[in-house]
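Working notes for the structure below.
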2 protein chains.
Amino acid sequence: MRHPPKKKNLTIHDVAALTGVSYQTVSRVINGMPEVSASTRARVQQILTEVGFRPNMTARQLASKRSTTVGLVTFATSFYGPSQIMVNSEQASKELGLSFMFSGIVEQSTQYIRRAVNELCAHQVCGILIHLPWEVDLRELHDVCRNVPLVAVDSDFGFECPSVFINQESGSREATRHLLQLGHRKIAHLCGPVPWRAAKLRYVGWKKEMKAARLPLGPVVDGDWTAESGFEAAQKLISNHWGKFTAVVVANDQMALGAIRAFEENSIRIPQKISLVGFDDIPEAGFFRPPLSTIKQDFAALGRLSVQCLMEQVEPSRTTSPTPTIQPFLIERESAAKPPNQPGR
Amino acid sequence: MRHPPKKKNLTIHDVAALTGVSYQTVSRVINGMPEVSASTRARVQQILTEVGFRPNMTARQLASKRSTTVGLVTFATSFYGPSQIMVNSEQASKELGLSFMFSGIVEQSTQYIRRAVNELCAHQVCGILIHLPWEVDLRELHDVCRNVPLVAVDSDFGFECPSVFINQESGSREATRHLLQLGHRKIAHLCGPVPWRAAKLRYVGWKKEMKAARLPLGPVVDGDWTAESGFEAAQKLISNHWGKFTAVVVANDQMALGAIRAFEENSIRIPQKISLVGFDDIPEAGFFRPPLSTIKQDFAALGRLSVQCLMEQVEPSRTTSPTPTIQPFLIERESAAKPPNQPGR
DNA sequence: CGTGACTCCGTGACCGTTCACGTCCATTAA
DNA sequence: TTAATGGACGTGAACGGTCACGGAGTCACG
């Protein structure tokens, strides 16, 4: 930070001098204001492109007290969901002509979260998208945001907050329903790590669907999203609960992958003996053995809705739309079939 | 963008008024300058934390003509490599106290690239990390960057440019060597999409290692990184080149996954009949069937080196270190074994 | 010919910081 | 005593834009 200042960049004044008008006029053509004659506008425009003028966004933000960059804070970017959210909300921002700042947090503590939000606010983002996979009480966050709008992306904090959700519960119900429709009656659940909101909701979805079908809940074991944990969980299922399930709703695709391996190592064929449905539809899912039936979430839509919701906050022009929710849907492949000893439904 | 200005944020002047000193003094304690007495420093500090003061970065950047945010432009963030680069360079930036702006490009044309770089420059980033998987002539990029330093992250543009690389070629040679050491003599290559630099270099690595072993090149087919293309490529290998290879070096793990499936569908056992080595070590690789031997790249190190290299550019204080290169290494699992009909080497 | 309205454009202040000075006071050396 | 030194702080001017004015023309109309 201790080094000579950079070479000068071109400013609005330079352009003004080059064209022979005042800096204000240049500003006007840059911002497309009407009160400029066609001829001078053309002349200024000409010089503008000729010298490749590029407005200094920091100066503009400072002067106008407006901003066109959105911020995102996320946790656990190494997982599929968070990284998808990151990529897609950037894309959506770009489509609306907004820039994008990102701040990841390495550990889910309020301290780190505060820090990330603070950083983004210091840079005068116009609003913040925040995705935290765990449920966490973040009431205090309003203090640090002050007047910077916040949108929760598939997250739940301790307070009322504009949000956009993926309906995890409904997705999980759909997975369960699929199995039910195939004729399964004893369905286990391979659960994600409990503090995660998505894990909990997917568990609830499975439970509710089973209840709705007036069926007893099958065994539940849990993992930590990784394939390895899925492997171990399936082992447990086999050794502790064998006979008590003919299908399993798995909370994500990676654990499903691990589970598939565990079943295979025990010479349990899928889907002939046990059916499996995953969640996420990661790109590899179609090439597992067998190809995994799974629940797909439309992250592109999530990204779009998120920034849209944020911009509604920033600029509360029209009626605020209700909190949008995205419905995940089933991708049917080959890991789920009719249960054994039962010719059909 | 047409809406009432926000409520006022606290400024350095407010803090000054609250403490009863001049704004300059406040600035001084914020920046840790020495010429402040211990007592006033303490008083200011107190108020600072009390009101939760947060300096306006845009104003600071404007005034100081310095910046502490790094920019990244990437393509194809849906792939493993690019998304890893994104996440890890953000992490590395944060560790150095730098903020992070991101701009993805949806299509690899110079126009889009220019636009992304321009956007970042307009926001006065202190430097730009750029990762483009294709080789592309970007000489003109110096114009648009002007005096903003650029670092190529595992990328090759048409001009001399500070860079940090992953030694793709050496990684691929290692994969090939592993197969060679196991006793394979006829080794095929499943190549990535040709315009990609990584695809080309991995191809070259395989070729060179084969040449070095004085062996003829096995068949080459190519895919597009997806599991699906890997599946198709392996089909071609089987139908057009059967008998001409006992092992295949696959350019990434996803294609390897597809290939595994193709072999399986043709009842060709891996690794008993055909050995396979992948590239990337995606989190799922260890749970393929069989677990995939593959080449791992340390993206965390890449991220760290990238921003480090960038900061050396920004602040050319000490001797510039040579372009750093990361060595990928083999993760040995079970998809590669001795060739059939050959008890060992 | 004066008046208003409208079009086009320039001026000065300001946004929240940093930077280069300048000032004041106390201490020390001559 | 006086000048020089230096520590602690304040002042004014940037930085590159935007915003709210205001002024100079031009035209139509009374």
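In the structure tokens, the first chain shown is A, the next is B, and so on; residue numbers restart at 1 for each chain, and ligands run from 1 in the order shown.
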
### Message
With only C-alpha atoms (C1' of nucleotides) considered, list every residue of chain C at most 7 Å from chain B, as a list in words.
### Response
DG16, DT17 and DT18 of chain C

Neighbour list for B:Arg289 as a CSV table (one decimal) with C-alpha atoms, in the first residue's frame, cut-off 8 Å, only C-alpha atoms (C1' of nucleotides), skip fewer than 5 positions in-chain:
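Below is the file selection.csv, written as the result:
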chain,number,residue,atom,x,y,z
A,261,ARG,CA,-21.0,-48.1,-3.6
A,289,ARG,CA,-24.1,-46.8,-11.9
B,260,ILE,CA,-16.1,-46.2,-17.0

Long-range neighbours of C:DC25 as a tab-separated table (two decimals) with C-alpha atoms (C1' of nucleotides), in the first residue's frame, 12 Å cut-off, only C-alpha atoms (C1' of nucleotides), 4 positions minimum in chain:
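Output contents, as saved in selection-v2.tsv:
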chain	number	residue	atom	x	y	z
D	6	DG	C1'	9.90	18.01	16.79
D	7	DG	C1'	5.40	16.22	18.35
D	8	DA	C1'	0.39	16.82	17.96
D	9	DC	C1'	-2.94	18.58	15.58

### Message
List the spatial neighbours of stretch 85-95 of chain B as a PyMOL selection string - criterion: any atom at most 8 Å away, only C-alpha atoms (C1' of nucleotides), same-chain residues fewer than 5 positions off excluded.
### Response
(chain A and resi 77-78+102-104) or (chain B and resi 70+72+74+100+299-300+302-304+306-307)

### Query
Interatomic distance between atom CA of B:Glu169 and atom CA of B:Val204?
6.4 Å

Within 10 Å of chain A, which residues of chain D show up? Give each one with its shortest atom-to-atom distance in Å (one decimal) and the two atoms involved, counting only C-alpha atoms (C1' of nucleotides), rows by chain then rising residue number, as JSON lines.
{"residue": "D:DC15", "atom": "C1'", "partner": "A:Ala59", "partner_atom": "CA", "distance": 8.0}
{"residue": "D:DG16", "atom": "C1'", "partner": "A:Ala59", "partner_atom": "CA", "distance": 5.1}
{"residue": "D:DG17", "atom": "C1'", "partner": "A:Arg60", "partner_atom": "CA", "distance": 4.9}
{"residue": "D:DT18", "atom": "C1'", "partner": "A:Ala63", "partner_atom": "CA", "distance": 5.2}
{"residue": "D:DC19", "atom": "C1'", "partner": "A:Ser64", "partner_atom": "CA", "distance": 8.2}

### Message
Show me, as a PyMOL selection string, the residues that have an atom within 12 Å of A:Thr294 when counting only C-alpha atoms (C1' of nucleotides), minus same-chain residues fewer than 6 positions from it.
### Response
chain A and resi 171-176+178-179+248-257+275-286+288+328-336

### Task
Give the strand (DSSP E) residues of stretch 41-193 of chain A, as DSSP finds them on the backbone, and put them as a count of residues only.
32

### Message
Show me, as a ChimeraX atom specification, the residues that have an atom within 10 Å of B:His241 when counting only C-alpha atoms (C1' of nucleotides), minus same-chain residues fewer than 4 positions from it.
### Response
/B:188,218-221,234-237,245

Selection above as a file: N, CA and C atoms, as a PDB file, in the first residue's frame:
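Contents of the output file result.pdb:
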ATOM      1  N   ALA B 188      -4.064 -45.415 -24.713  1.00  0.00           N
ATOM      2  CA  ALA B 188      -4.881 -44.473 -25.481  1.00  0.00           C
ATOM      3  C   ALA B 188      -5.047 -43.171 -24.702  1.00  0.00           C
ATOM      4  N   GLY B 218      -0.933 -44.545 -28.722  1.00  0.00           N
ATOM      5  CA  GLY B 218      -2.190 -45.268 -28.859  1.00  0.00           C
ATOM      6  C   GLY B 218      -3.236 -44.376 -29.509  1.00  0.00           C
ATOM      7  N   PRO B 219      -4.418 -44.906 -29.680  1.00  0.00           N
ATOM      8  CA  PRO B 219      -5.483 -44.119 -30.299  1.00  0.00           C
ATOM      9  C   PRO B 219      -5.890 -42.910 -29.439  1.00  0.00           C
ATOM     10  N   VAL B 220      -6.366 -41.881 -30.110  1.00  0.00           N
ATOM     11  CA  VAL B 220      -6.844 -40.679 -29.423  1.00  0.00           C
ATOM     12  C   VAL B 220      -8.271 -40.374 -29.863  1.00  0.00           C
ATOM     13  N   VAL B 221      -9.138 -40.183 -28.923  1.00  0.00           N
ATOM     14  CA  VAL B 221     -10.483 -39.701 -29.269  1.00  0.00           C
ATOM     15  C   VAL B 221     -10.752 -38.504 -28.367  1.00  0.00           C
ATOM     16  N   ALA B 234     -15.496 -43.342 -25.225  1.00  0.00           N
ATOM     17  CA  ALA B 234     -15.087 -44.701 -24.874  1.00  0.00           C
ATOM     18  C   ALA B 234     -15.761 -45.705 -25.811  1.00  0.00           C
ATOM     19  N   GLN B 235     -16.985 -45.442 -26.169  1.00  0.00           N
ATOM     20  CA  GLN B 235     -17.681 -46.309 -27.133  1.00  0.00           C
ATOM     21  C   GLN B 235     -16.879 -46.389 -28.434  1.00  0.00           C
ATOM     22  N   LYS B 236     -16.451 -45.233 -28.894  1.00  0.00           N
ATOM     23  CA  LYS B 236     -15.663 -45.180 -30.127  1.00  0.00           C
ATOM     24  C   LYS B 236     -14.386 -45.975 -29.967  1.00  0.00           C
ATOM     25  N   LEU B 237     -13.754 -45.786 -28.819  1.00  0.00           N
ATOM     26  CA  LEU B 237     -12.508 -46.482 -28.538  1.00  0.00           C
ATOM     27  C   LEU B 237     -12.734 -47.991 -28.653  1.00  0.00           C
ATOM     28  N   PHE B 245      -5.200 -50.884 -27.256  1.00  0.00           N
ATOM     29  CA  PHE B 245      -4.856 -50.208 -26.000  1.00  0.00           C
ATOM     30  C   PHE B 245      -5.233 -51.088 -24.812  1.00  0.00           C
TER      31      PHE B 245
END

### Message
Would you pick out the contacts of stretch 21-30 of chain D at 10 Å or less, using only C-alpha atoms (C1' of nucleotides), so that residues sharing its chain but fewer than 3 positions from it are not included, and give the list as a ChimeraX atom specification?
### Response
/C:2-12

Take the residues from that selection and write them out as an mmCIF file, in the first residue's frame, keeping N, CA and C atoms (P, O5', C5', C4', C3', O3' and C1' of nucleotides).
data_model
loop_
_atom_site.group_PDB
_atom_site.id
_atom_site.type_symbol
_atom_site.label_atom_id
_atom_site.label_comp_id
_atom_site.auth_asym_id
_atom_site.auth_seq_id
_atom_site.Cartn_x
_atom_site.Cartn_y
_atom_site.Cartn_z
ATOM 1 P P DG C 2 -37.641 46.695 -25.604
ATOM 2 O "O5'" DG C 2 -38.539 45.958 -24.505
ATOM 3 C "C5'" DG C 2 -39.780 46.549 -24.109
ATOM 4 C "C4'" DG C 2 -40.706 45.453 -23.620
ATOM 5 C "C3'" DG C 2 -40.095 44.533 -22.567
ATOM 6 O "O3'" DG C 2 -41.052 44.350 -21.527
ATOM 7 C "C1'" DG C 2 -40.908 43.233 -24.378
ATOM 8 P P DT C 3 -40.626 43.588 -20.197
ATOM 9 O "O5'" DT C 3 -41.253 42.158 -20.388
ATOM 10 C "C5'" DT C 3 -42.651 42.029 -20.700
ATOM 11 C "C4'" DT C 3 -42.972 40.561 -20.964
ATOM 12 C "C3'" DT C 3 -42.279 39.588 -20.006
ATOM 13 O "O3'" DT C 3 -43.279 38.854 -19.317
ATOM 14 C "C1'" DT C 3 -42.076 38.866 -22.272
ATOM 15 P P DG C 4 -42.838 38.087 -17.976
ATOM 16 O "O5'" DG C 4 -42.967 36.567 -18.439
ATOM 17 C "C5'" DG C 4 -44.196 36.109 -18.982
ATOM 18 C "C4'" DG C 4 -43.938 34.951 -19.925
ATOM 19 C "C3'" DG C 4 -43.307 33.720 -19.274
ATOM 20 O "O3'" DG C 4 -44.233 32.648 -19.369
ATOM 21 C "C1'" DG C 4 -42.257 34.257 -21.362
ATOM 22 P P DA C 5 -43.988 31.322 -18.587
ATOM 23 O "O5'" DA C 5 -43.432 30.376 -19.744
ATOM 24 C "C5'" DA C 5 -44.161 30.280 -20.971
ATOM 25 C "C4'" DA C 5 -43.365 29.412 -21.933
ATOM 26 C "C3'" DA C 5 -42.685 28.211 -21.272
ATOM 27 O "O3'" DA C 5 -42.839 27.082 -22.120
ATOM 28 C "C1'" DA C 5 -41.076 29.511 -22.410
ATOM 29 P P DC C 6 -42.527 25.606 -21.564
ATOM 30 O "O5'" DC C 6 -41.470 25.092 -22.626
ATOM 31 C "C5'" DC C 6 -41.467 25.629 -23.961
ATOM 32 C "C4'" DC C 6 -40.063 25.499 -24.529
ATOM 33 C "C3'" DC C 6 -39.244 24.350 -23.916
ATOM 34 O "O3'" DC C 6 -38.716 23.557 -24.958
ATOM 35 C "C1'" DC C 6 -37.983 26.345 -23.945
ATOM 36 P P DT C 7 -37.964 22.176 -24.640
ATOM 37 O "O5'" DT C 7 -36.559 22.460 -25.320
ATOM 38 C "C5'" DT C 7 -36.498 23.166 -26.557
ATOM 39 C "C4'" DT C 7 -35.057 23.546 -26.831
ATOM 40 C "C3'" DT C 7 -34.049 22.457 -26.474
ATOM 41 O "O3'" DT C 7 -33.104 22.370 -27.525
ATOM 42 C "C1'" DT C 7 -33.471 24.469 -25.388
ATOM 43 P P DC C 8 -32.056 21.160 -27.591
ATOM 44 O "O5'" DC C 8 -30.802 21.823 -26.894
ATOM 45 C "C5'" DC C 8 -30.042 22.795 -27.640
ATOM 46 C "C4'" DC C 8 -29.072 23.455 -26.708
ATOM 47 C "C3'" DC C 8 -28.000 22.517 -26.128
ATOM 48 O "O3'" DC C 8 -26.753 22.913 -26.686
ATOM 49 C "C1'" DC C 8 -28.845 24.046 -24.511
ATOM 50 P P DC C 9 -25.495 21.949 -26.463
ATOM 51 O "O5'" DC C 9 -24.866 22.597 -25.157
ATOM 52 C "C5'" DC C 9 -24.393 23.942 -25.251
ATOM 53 C "C4'" DC C 9 -24.226 24.510 -23.871
ATOM 54 C "C3'" DC C 9 -23.168 23.821 -23.004
ATOM 55 O "O3'" DC C 9 -22.002 24.630 -23.053
ATOM 56 C "C1'" DC C 9 -25.095 24.550 -21.772
ATOM 57 P P DG C 10 -20.633 24.142 -22.359
ATOM 58 O "O5'" DG C 10 -20.640 25.019 -21.031
ATOM 59 C "C5'" DG C 10 -20.633 26.429 -21.151
ATOM 60 C "C4'" DG C 10 -20.764 27.076 -19.784
ATOM 61 C "C3'" DG C 10 -19.670 26.691 -18.781
ATOM 62 O "O3'" DG C 10 -19.233 27.881 -18.132
ATOM 63 C "C1'" DG C 10 -21.814 26.231 -17.850
ATOM 64 P P DT C 11 -17.981 27.864 -17.167
ATOM 65 O "O5'" DT C 11 -18.616 28.022 -15.722
ATOM 66 C "C5'" DT C 11 -19.741 28.885 -15.534
ATOM 67 C "C4'" DT C 11 -20.094 28.970 -14.057
ATOM 68 C "C3'" DT C 11 -18.952 28.662 -13.091
ATOM 69 O "O3'" DT C 11 -18.989 29.619 -12.043
ATOM 70 C "C1'" DT C 11 -20.773 27.173 -12.676
ATOM 71 P P DG C 12 -17.808 29.647 -10.938
ATOM 72 O "O5'" DG C 12 -18.491 28.903 -9.705
ATOM 73 C "C5'" DG C 12 -19.744 29.398 -9.206
ATOM 74 C "C4'" DG C 12 -20.248 28.510 -8.073
ATOM 75 C "C3'" DG C 12 -19.188 28.118 -7.037
ATOM 76 O "O3'" DG C 12 -19.765 28.229 -5.748
ATOM 77 C "C1'" DG C 12 -20.161 26.162 -7.960
#

### Task
Between A:Val125, A:Ala227, A:Ile113, A:Ala16, single out the one closest to chain B, counting only C-alpha atoms.
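Checking each candidate against chain B, we get A:Ala227 as the closest.
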
### Task
Determine the nearest neighbour of chain B from the options A:Phe287, A:Phe263, A:Trp196, A:Tyr203, counting only C-alpha atoms.
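Nearest candidate to chain B out of A:Phe287, A:Phe263, A:Trp196, A:Tyr203: A:Phe287.
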
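Considering the residues B:His123, B:Arg269, B:Arg115, B:Arg139 and counting only C-alpha atoms, chain A has its shortest atom-to-atom contact with B:His123.
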